[in-house]
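S.K.: My structure is stored as entry.cif, with mmCIF, N, CA and C atoms.
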```
data_model
#
loop_
_atom_site.label_atom_id
_atom_site.label_comp_id
_atom_site.auth_asym_id
_atom_site.auth_seq_id
_atom_site.Cartn_x
_atom_site.Cartn_y
_atom_site.Cartn_z
N MET A 1 0.84 -1.19 0.00
CA MET A 1 0.00 0.00 0.00
C MET A 1 0.88 1.25 0.00
N LYS A 2 0.36 2.31 -0.54
CA LYS A 2 1.13 3.55 -0.68
C LYS A 2 0.90 4.47 0.50
N GLU A 3 0.99 3.94 1.70
CA GLU A 3 0.67 4.72 2.91
C GLU A 3 1.64 5.89 3.10
N ASN A 4 2.94 5.65 2.85
CA ASN A 4 3.89 6.73 3.06
C ASN A 4 3.60 7.91 2.13
N LYS A 5 3.30 7.62 0.88
CA LYS A 5 2.99 8.67 -0.07
C LYS A 5 1.67 9.36 0.32
N LEU A 6 0.71 8.58 0.75
CA LEU A 6 -0.58 9.13 1.17
C LEU A 6 -0.44 10.01 2.41
N THR A 7 0.29 9.53 3.40
CA THR A 7 0.46 10.35 4.61
C THR A 7 1.27 11.61 4.32
N GLU A 8 2.27 11.50 3.47
CA GLU A 8 3.08 12.67 3.14
C GLU A 8 2.27 13.71 2.36
N LEU A 9 1.51 13.25 1.37
CA LEU A 9 0.69 14.17 0.59
C LEU A 9 -0.38 14.82 1.46
N SER A 10 -0.96 14.04 2.37
CA SER A 10 -1.99 14.62 3.25
C SER A 10 -1.39 15.67 4.19
N MET A 11 -0.17 15.45 4.65
CA MET A 11 0.49 16.44 5.50
C MET A 11 0.80 17.71 4.71
N GLU A 12 1.34 17.56 3.51
CA GLU A 12 1.63 18.72 2.66
C GLU A 12 0.35 19.51 2.37
N PHE A 13 -0.72 18.78 2.10
CA PHE A 13 -2.00 19.42 1.81
C PHE A 13 -2.52 20.17 3.04
N SER A 14 -2.39 19.56 4.21
CA SER A 14 -2.83 20.22 5.46
C SER A 14 -2.07 21.53 5.69
N VAL A 15 -0.78 21.50 5.44
CA VAL A 15 0.04 22.72 5.59
C VAL A 15 -0.47 23.81 4.64
N GLU A 16 -0.75 23.43 3.39
CA GLU A 16 -1.25 24.41 2.43
C GLU A 16 -2.62 24.94 2.84
N ILE A 17 -3.45 24.07 3.38
CA ILE A 17 -4.78 24.50 3.84
C ILE A 17 -4.64 25.49 5.00
N ILE A 18 -3.75 25.20 5.93
CA ILE A 18 -3.54 26.13 7.06
C ILE A 18 -3.05 27.47 6.56
N ASN A 19 -2.14 27.47 5.59
CA ASN A 19 -1.67 28.73 5.02
C ASN A 19 -2.79 29.46 4.29
N LEU A 20 -3.66 28.71 3.62
CA LEU A 20 -4.82 29.31 2.97
C LEU A 20 -5.75 29.95 4.00
N VAL A 21 -5.98 29.26 5.10
CA VAL A 21 -6.84 29.79 6.16
C VAL A 21 -6.26 31.09 6.72
N LYS A 22 -4.95 31.12 6.93
CA LYS A 22 -4.30 32.36 7.41
C LYS A 22 -4.57 33.51 6.43
N HIS A 23 -4.41 33.21 5.13
CA HIS A 23 -4.66 34.22 4.09
C HIS A 23 -6.11 34.69 4.11
N LEU A 24 -7.03 33.74 4.20
CA LEU A 24 -8.45 34.09 4.20
C LEU A 24 -8.81 34.94 5.41
N LYS A 25 -8.29 34.56 6.57
CA LYS A 25 -8.61 35.31 7.79
C LYS A 25 -8.00 36.72 7.74
N SER A 26 -6.85 36.85 7.09
CA SER A 26 -6.26 38.18 6.96
C SER A 26 -7.11 39.07 6.05
N ASN A 27 -7.92 38.43 5.20
CA ASN A 27 -8.86 39.17 4.34
C ASN A 27 -10.27 39.19 4.94
N HIS A 28 -10.35 38.88 6.21
CA HIS A 28 -11.60 38.95 6.98
C HIS A 28 -12.68 37.98 6.50
N GLU A 29 -12.26 36.85 5.96
CA GLU A 29 -13.21 35.80 5.58
C GLU A 29 -13.12 34.74 6.66
N SER A 30 -14.20 34.52 7.39
CA SER A 30 -14.13 33.57 8.50
C SER A 30 -15.08 32.39 8.37
N ILE A 31 -16.14 32.51 7.60
CA ILE A 31 -17.11 31.41 7.51
C ILE A 31 -16.51 30.22 6.77
N ILE A 32 -16.09 30.43 5.54
CA ILE A 32 -15.54 29.33 4.75
C ILE A 32 -14.17 28.92 5.28
N SER A 33 -13.39 29.87 5.75
CA SER A 33 -12.05 29.52 6.25
C SER A 33 -12.13 28.54 7.41
N ASN A 34 -13.11 28.72 8.29
CA ASN A 34 -13.27 27.77 9.39
C ASN A 34 -13.65 26.39 8.88
N GLN A 35 -14.54 26.35 7.91
CA GLN A 35 -15.00 25.07 7.35
C GLN A 35 -13.87 24.33 6.64
N ILE A 36 -13.18 25.05 5.75
CA ILE A 36 -12.12 24.39 4.97
C ILE A 36 -10.93 24.04 5.86
N GLY A 37 -10.73 24.83 6.90
CA GLY A 37 -9.65 24.50 7.85
C GLY A 37 -9.91 23.18 8.55
N ARG A 38 -11.16 22.96 8.93
CA ARG A 38 -11.51 21.70 9.60
C ARG A 38 -11.46 20.51 8.64
N SER A 39 -12.14 20.66 7.49
CA SER A 39 -12.22 19.52 6.57
C SER A 39 -10.86 19.22 5.93
N GLY A 40 -10.13 20.26 5.56
CA GLY A 40 -8.85 20.06 4.88
C GLY A 40 -7.78 19.43 5.74
N THR A 41 -7.78 19.74 7.03
CA THR A 41 -6.78 19.13 7.92
C THR A 41 -7.26 17.79 8.48
N SER A 42 -8.56 17.58 8.45
CA SER A 42 -9.13 16.31 8.92
C SER A 42 -8.74 15.14 8.03
N ILE A 43 -8.47 15.41 6.77
CA ILE A 43 -8.07 14.35 5.84
C ILE A 43 -6.84 13.63 6.38
N GLY A 44 -5.80 14.39 6.64
CA GLY A 44 -4.55 13.82 7.14
C GLY A 44 -4.70 13.22 8.53
N ALA A 45 -5.50 13.87 9.37
CA ALA A 45 -5.70 13.35 10.73
C ALA A 45 -6.33 11.96 10.68
N ASN A 46 -7.31 11.76 9.82
CA ASN A 46 -7.95 10.46 9.71
C ASN A 46 -7.04 9.42 9.07
N ILE A 47 -6.22 9.83 8.13
CA ILE A 47 -5.25 8.91 7.53
C ILE A 47 -4.25 8.46 8.59
N HIS A 48 -3.79 9.38 9.41
CA HIS A 48 -2.87 9.01 10.49
C HIS A 48 -3.55 8.11 11.52
N GLU A 49 -4.80 8.42 11.83
CA GLU A 49 -5.55 7.60 12.77
C GLU A 49 -5.71 6.17 12.26
N ALA A 50 -5.90 6.04 10.96
CA ALA A 50 -6.09 4.71 10.35
C ALA A 50 -4.88 3.81 10.58
N GLN A 51 -3.72 4.40 10.72
CA GLN A 51 -2.50 3.60 10.94
C GLN A 51 -2.55 2.86 12.28
N TYR A 52 -3.37 3.31 13.19
CA TYR A 52 -3.50 2.68 14.51
C TYR A 52 -4.91 2.16 14.73
N ALA A 53 -5.53 1.75 13.64
CA ALA A 53 -6.91 1.27 13.70
C ALA A 53 -7.00 -0.02 14.51
N GLN A 54 -8.19 -0.25 15.04
CA GLN A 54 -8.44 -1.45 15.84
C GLN A 54 -9.06 -2.53 14.95
N GLY A 55 -8.38 -2.85 13.89
CA GLY A 55 -8.86 -3.87 12.96
C GLY A 55 -9.16 -3.29 11.59
N LYS A 56 -9.48 -4.19 10.65
CA LYS A 56 -9.72 -3.80 9.26
C LYS A 56 -10.91 -2.87 9.10
N LYS A 57 -12.02 -3.17 9.81
CA LYS A 57 -13.22 -2.33 9.68
C LYS A 57 -12.93 -0.90 10.11
N ASP A 58 -12.22 -0.75 11.22
CA ASP A 58 -11.88 0.57 11.73
C ASP A 58 -10.94 1.29 10.75
N PHE A 59 -9.98 0.54 10.20
CA PHE A 59 -9.04 1.08 9.23
C PHE A 59 -9.79 1.63 8.01
N ILE A 60 -10.68 0.83 7.47
CA ILE A 60 -11.46 1.23 6.30
C ILE A 60 -12.34 2.43 6.64
N SER A 61 -12.95 2.41 7.81
CA SER A 61 -13.81 3.51 8.24
C SER A 61 -13.05 4.83 8.30
N LYS A 62 -11.85 4.81 8.84
CA LYS A 62 -11.04 6.04 8.94
C LYS A 62 -10.68 6.56 7.54
N LEU A 63 -10.34 5.65 6.64
CA LEU A 63 -10.00 6.08 5.28
C LEU A 63 -11.24 6.63 4.56
N GLU A 64 -12.39 6.03 4.81
CA GLU A 64 -13.62 6.52 4.19
C GLU A 64 -14.01 7.89 4.75
N ILE A 65 -13.75 8.12 6.02
CA ILE A 65 -13.99 9.45 6.60
C ILE A 65 -13.05 10.47 5.95
N ALA A 66 -11.79 10.09 5.77
CA ALA A 66 -10.82 10.98 5.11
C ALA A 66 -11.30 11.31 3.69
N LEU A 67 -11.85 10.32 3.00
CA LEU A 67 -12.37 10.53 1.65
C LEU A 67 -13.54 11.51 1.66
N LYS A 68 -14.43 11.38 2.62
CA LYS A 68 -15.56 12.32 2.74
C LYS A 68 -15.06 13.74 3.01
N GLU A 69 -14.06 13.84 3.87
CA GLU A 69 -13.50 15.16 4.19
C GLU A 69 -12.82 15.77 2.96
N ALA A 70 -12.17 14.94 2.16
CA ALA A 70 -11.54 15.42 0.93
C ALA A 70 -12.60 15.93 -0.05
N SER A 71 -13.70 15.22 -0.13
CA SER A 71 -14.79 15.65 -1.00
C SER A 71 -15.36 16.99 -0.54
N GLU A 72 -15.56 17.13 0.77
CA GLU A 72 -16.05 18.40 1.31
C GLU A 72 -15.05 19.53 1.04
N THR A 73 -13.78 19.25 1.21
CA THR A 73 -12.76 20.26 0.98
C THR A 73 -12.77 20.73 -0.47
N GLY A 74 -12.98 19.80 -1.39
CA GLY A 74 -13.09 20.16 -2.80
C GLY A 74 -14.23 21.13 -3.05
N TYR A 75 -15.33 20.92 -2.35
CA TYR A 75 -16.48 21.82 -2.45
C TYR A 75 -16.10 23.23 -1.98
N TRP A 76 -15.47 23.31 -0.82
CA TRP A 76 -15.09 24.62 -0.27
C TRP A 76 -14.10 25.33 -1.19
N LEU A 77 -13.18 24.58 -1.77
CA LEU A 77 -12.21 25.19 -2.70
C LEU A 77 -12.92 25.80 -3.90
N GLU A 78 -13.87 25.06 -4.45
CA GLU A 78 -14.61 25.59 -5.60
C GLU A 78 -15.41 26.83 -5.21
N LEU A 79 -16.02 26.80 -4.04
CA LEU A 79 -16.78 27.96 -3.57
C LEU A 79 -15.87 29.18 -3.38
N LEU A 80 -14.69 28.96 -2.83
CA LEU A 80 -13.74 30.06 -2.65
C LEU A 80 -13.32 30.65 -3.99
N CYS A 81 -13.16 29.79 -4.99
CA CYS A 81 -12.78 30.27 -6.31
C CYS A 81 -13.92 31.06 -6.94
N ARG A 82 -15.12 30.52 -6.85
CA ARG A 82 -16.29 31.18 -7.46
C ARG A 82 -16.61 32.52 -6.79
N THR A 83 -16.27 32.65 -5.53
CA THR A 83 -16.53 33.91 -4.82
C THR A 83 -15.31 34.84 -4.82
N LYS A 84 -14.29 34.44 -5.57
CA LYS A 84 -13.08 35.25 -5.78
C LYS A 84 -12.22 35.44 -4.53
N TYR A 85 -12.37 34.55 -3.57
CA TYR A 85 -11.46 34.61 -2.42
C TYR A 85 -10.10 34.02 -2.75
N ILE A 86 -10.08 33.10 -3.73
CA ILE A 86 -8.82 32.58 -4.23
C ILE A 86 -8.83 32.67 -5.75
N ASP A 87 -7.65 32.82 -6.33
CA ASP A 87 -7.58 32.90 -7.79
C ASP A 87 -7.61 31.49 -8.40
N GLU A 88 -7.75 31.46 -9.69
CA GLU A 88 -7.88 30.18 -10.40
C GLU A 88 -6.62 29.32 -10.27
N THR A 89 -5.46 29.94 -10.26
CA THR A 89 -4.21 29.19 -10.13
C THR A 89 -4.14 28.48 -8.79
N THR A 90 -4.48 29.19 -7.72
CA THR A 90 -4.51 28.60 -6.38
C THR A 90 -5.54 27.49 -6.32
N PHE A 91 -6.71 27.75 -6.89
CA PHE A 91 -7.77 26.74 -6.90
C PHE A 91 -7.30 25.47 -7.61
N LYS A 92 -6.73 25.62 -8.80
CA LYS A 92 -6.30 24.46 -9.58
C LYS A 92 -5.23 23.66 -8.85
N SER A 93 -4.29 24.35 -8.23
CA SER A 93 -3.22 23.67 -7.50
C SER A 93 -3.77 22.87 -6.32
N LEU A 94 -4.59 23.52 -5.49
CA LEU A 94 -5.14 22.84 -4.31
C LEU A 94 -6.15 21.77 -4.71
N SER A 95 -6.94 22.05 -5.71
CA SER A 95 -7.94 21.09 -6.17
C SER A 95 -7.27 19.83 -6.74
N SER A 96 -6.18 20.02 -7.44
CA SER A 96 -5.44 18.89 -8.00
C SER A 96 -4.88 18.00 -6.89
N LYS A 97 -4.33 18.61 -5.85
CA LYS A 97 -3.82 17.84 -4.72
C LYS A 97 -4.94 17.12 -3.99
N CYS A 98 -6.06 17.80 -3.85
CA CYS A 98 -7.22 17.22 -3.19
C CYS A 98 -7.72 16.02 -4.00
N SER A 99 -7.77 16.16 -5.31
CA SER A 99 -8.19 15.06 -6.19
C SER A 99 -7.22 13.89 -6.10
N SER A 100 -5.94 14.18 -6.04
CA SER A 100 -4.94 13.10 -5.89
C SER A 100 -5.15 12.34 -4.60
N LEU A 101 -5.44 13.06 -3.53
CA LEU A 101 -5.73 12.41 -2.25
C LEU A 101 -6.96 11.52 -2.38
N LYS A 102 -7.99 12.01 -3.05
CA LYS A 102 -9.21 11.21 -3.21
C LYS A 102 -8.94 9.94 -4.00
N VAL A 103 -8.18 10.05 -5.08
CA VAL A 103 -7.84 8.87 -5.89
C VAL A 103 -7.08 7.85 -5.05
N MET A 104 -6.11 8.32 -4.29
CA MET A 104 -5.32 7.41 -3.45
C MET A 104 -6.17 6.78 -2.35
N LEU A 105 -7.07 7.56 -1.77
CA LEU A 105 -7.94 7.04 -0.72
C LEU A 105 -8.91 6.00 -1.27
N ILE A 106 -9.46 6.26 -2.44
CA ILE A 106 -10.36 5.29 -3.07
C ILE A 106 -9.63 3.98 -3.33
N ALA A 107 -8.42 4.08 -3.86
CA ALA A 107 -7.63 2.88 -4.13
C ALA A 107 -7.29 2.14 -2.84
N SER A 108 -6.92 2.88 -1.80
CA SER A 108 -6.58 2.26 -0.52
C SER A 108 -7.79 1.56 0.10
N CYS A 109 -8.95 2.20 0.03
CA CYS A 109 -10.18 1.59 0.56
C CYS A 109 -10.52 0.32 -0.21
N LYS A 110 -10.40 0.39 -1.52
CA LYS A 110 -10.71 -0.78 -2.36
C LYS A 110 -9.78 -1.94 -2.02
N THR A 111 -8.50 -1.66 -1.91
CA THR A 111 -7.52 -2.69 -1.58
C THR A 111 -7.80 -3.29 -0.19
N ALA A 112 -8.05 -2.42 0.76
CA ALA A 112 -8.32 -2.89 2.14
C ALA A 112 -9.58 -3.76 2.18
N LYS A 113 -10.60 -3.37 1.44
CA LYS A 113 -11.83 -4.15 1.40
C LYS A 113 -11.60 -5.51 0.75
N GLN A 114 -10.83 -5.52 -0.33
CA GLN A 114 -10.52 -6.80 -1.01
C GLN A 114 -9.72 -7.71 -0.09
N ASN A 115 -8.77 -7.14 0.64
CA ASN A 115 -7.94 -7.93 1.55
C ASN A 115 -8.73 -8.46 2.76
N SER A 116 -9.76 -7.71 3.15
CA SER A 116 -10.54 -8.15 4.30
C SER A 116 -11.51 -9.27 3.93
N ASP A 117 -11.80 -9.42 2.62
CA ASP A 117 -12.68 -10.48 2.15
C ASP A 117 -11.97 -11.83 2.08
N LYS A 118 -10.65 -11.80 2.14
CA LYS A 118 -9.88 -13.05 1.99
C LYS A 118 -9.74 -13.80 3.29
#
```
Kindly present the structure from the file in structure tokens form.

M.R.:
Amino acid sequence: MKENKLTELSMEFSVEIINLVKHLKSNHESIISNQIGRSGTSIGANIHEAQYAQGKKDFISKLEIALKEASETGYWLELLCRTKYIDETTFKSLSSKCSSLKVMLIASCKTAKQNSDK
């Protein structure tokens, strides 16, 4: 499994989200910044939690929660772009990383589910 790459990418993404939140708050945007701060950093937190899961079901559950948080974060990123709080370049960069996390999480969940059936 690509856990090291997944954990590293989720950490890098969390750092970028925190920096985005700082930028948003400096521009007096607090509603979306609070939401994206929680969902964007929750992805990595759940991936890290999965490493110490209490069995396969718990492991899969944590990764599925991370996937849901990534999906929510994608929504907030699009909303920030549409409301001009972030430019298109920033949106594309963060959205691409978020999509990569989702692809990796989907693959990890699929693999974990297949392995638990054996």

S.K.: Separation of atom CA of Leu6 of chain A and atom CA of Gly37 of chain A, in Å?

M.R.: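 Interatomic distance here is 19.1 Å.
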
S.K.: A:Leu105, A:Ile36, A:Gln54, A:Ser30: which is nearest Ala66 of chain A, counting all atoms listed in the file?

M.R.: A:Leu105

S.K.: Have a look at A:Ser14, A:Ala70, A:Thr83, A:Lys22 and name the one nearest to Met104 of chain A; count only C-alpha atoms.

M.R.: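 The closest residue to Met104 of chain A is A:Ala70.
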
S.K.: Name the residues of chain A that fall into alpha helix (DSSP H) according to DSSP on the backbone, using the chain letters and numbers of this document, as an NGL selection string.

M.R.: :A and (3-26 or 31-50 or 56-82 or 88-116)

S.K.: Let me know the residues the PyMOL selection byres ((chain A and resi 94) around 8) catches in the file above, as a PyMOL selection string.

M.R.: chain A and resi 13+16-17+73-74+77+88-93+95-100

S.K.: Which residue, A:Leu24, A:Val15, A:Thr111, A:Lys62, has the smallest gap to His48 of chain A when you use only C-alpha atoms?

M.R.: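 Among the listed residues, the smallest separation from His48 of chain A belongs to A:Lys62.
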
S.K.: How far is it from atom CA of Lys84 of chain A to atom CA of Ile18 of chain A, in Å with one decimal?

M.R.: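 Spanning atom CA of Lys84 of chain A to atom CA of Ile18 of chain A is a straight-line distance of 18.4 Å.
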
S.K.: Atom CA of Asn27 of chain A to atom CA of Tyr85 of chain A: how many Å, to one decimal?

M.R.: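 Separating atom CA of Asn27 of chain A from atom CA of Tyr85 of chain A is a distance of 8.6 Å.
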
S.K.: Take the PyMOL selection byres ((chain A and resi 67) around 8), apply it to the structure above, and return the hits as a ChimeraX atom specification.

M.R.: /A:42-43,46-47,61-66,68-73,101-103,105-106

S.K.: Which residue out of A:Ala45, A:Arg82, A:Leu20, A:His28 has the minimum interatomic distance to Glu8 of chain A when only C-alpha atoms are used?

M.R.: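 Selected residue with least distance to Glu8 of chain A: A:Ala45.
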
S.K.: Measuring atom to atom with all atoms listed in the file, identify which of A:Asn115, A:Val21, A:Ser39, A:Ile32 is nearest to Leu80 of chain A.

M.R.: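 The answer is A:Ile32, which sits nearest to Leu80 of chain A.
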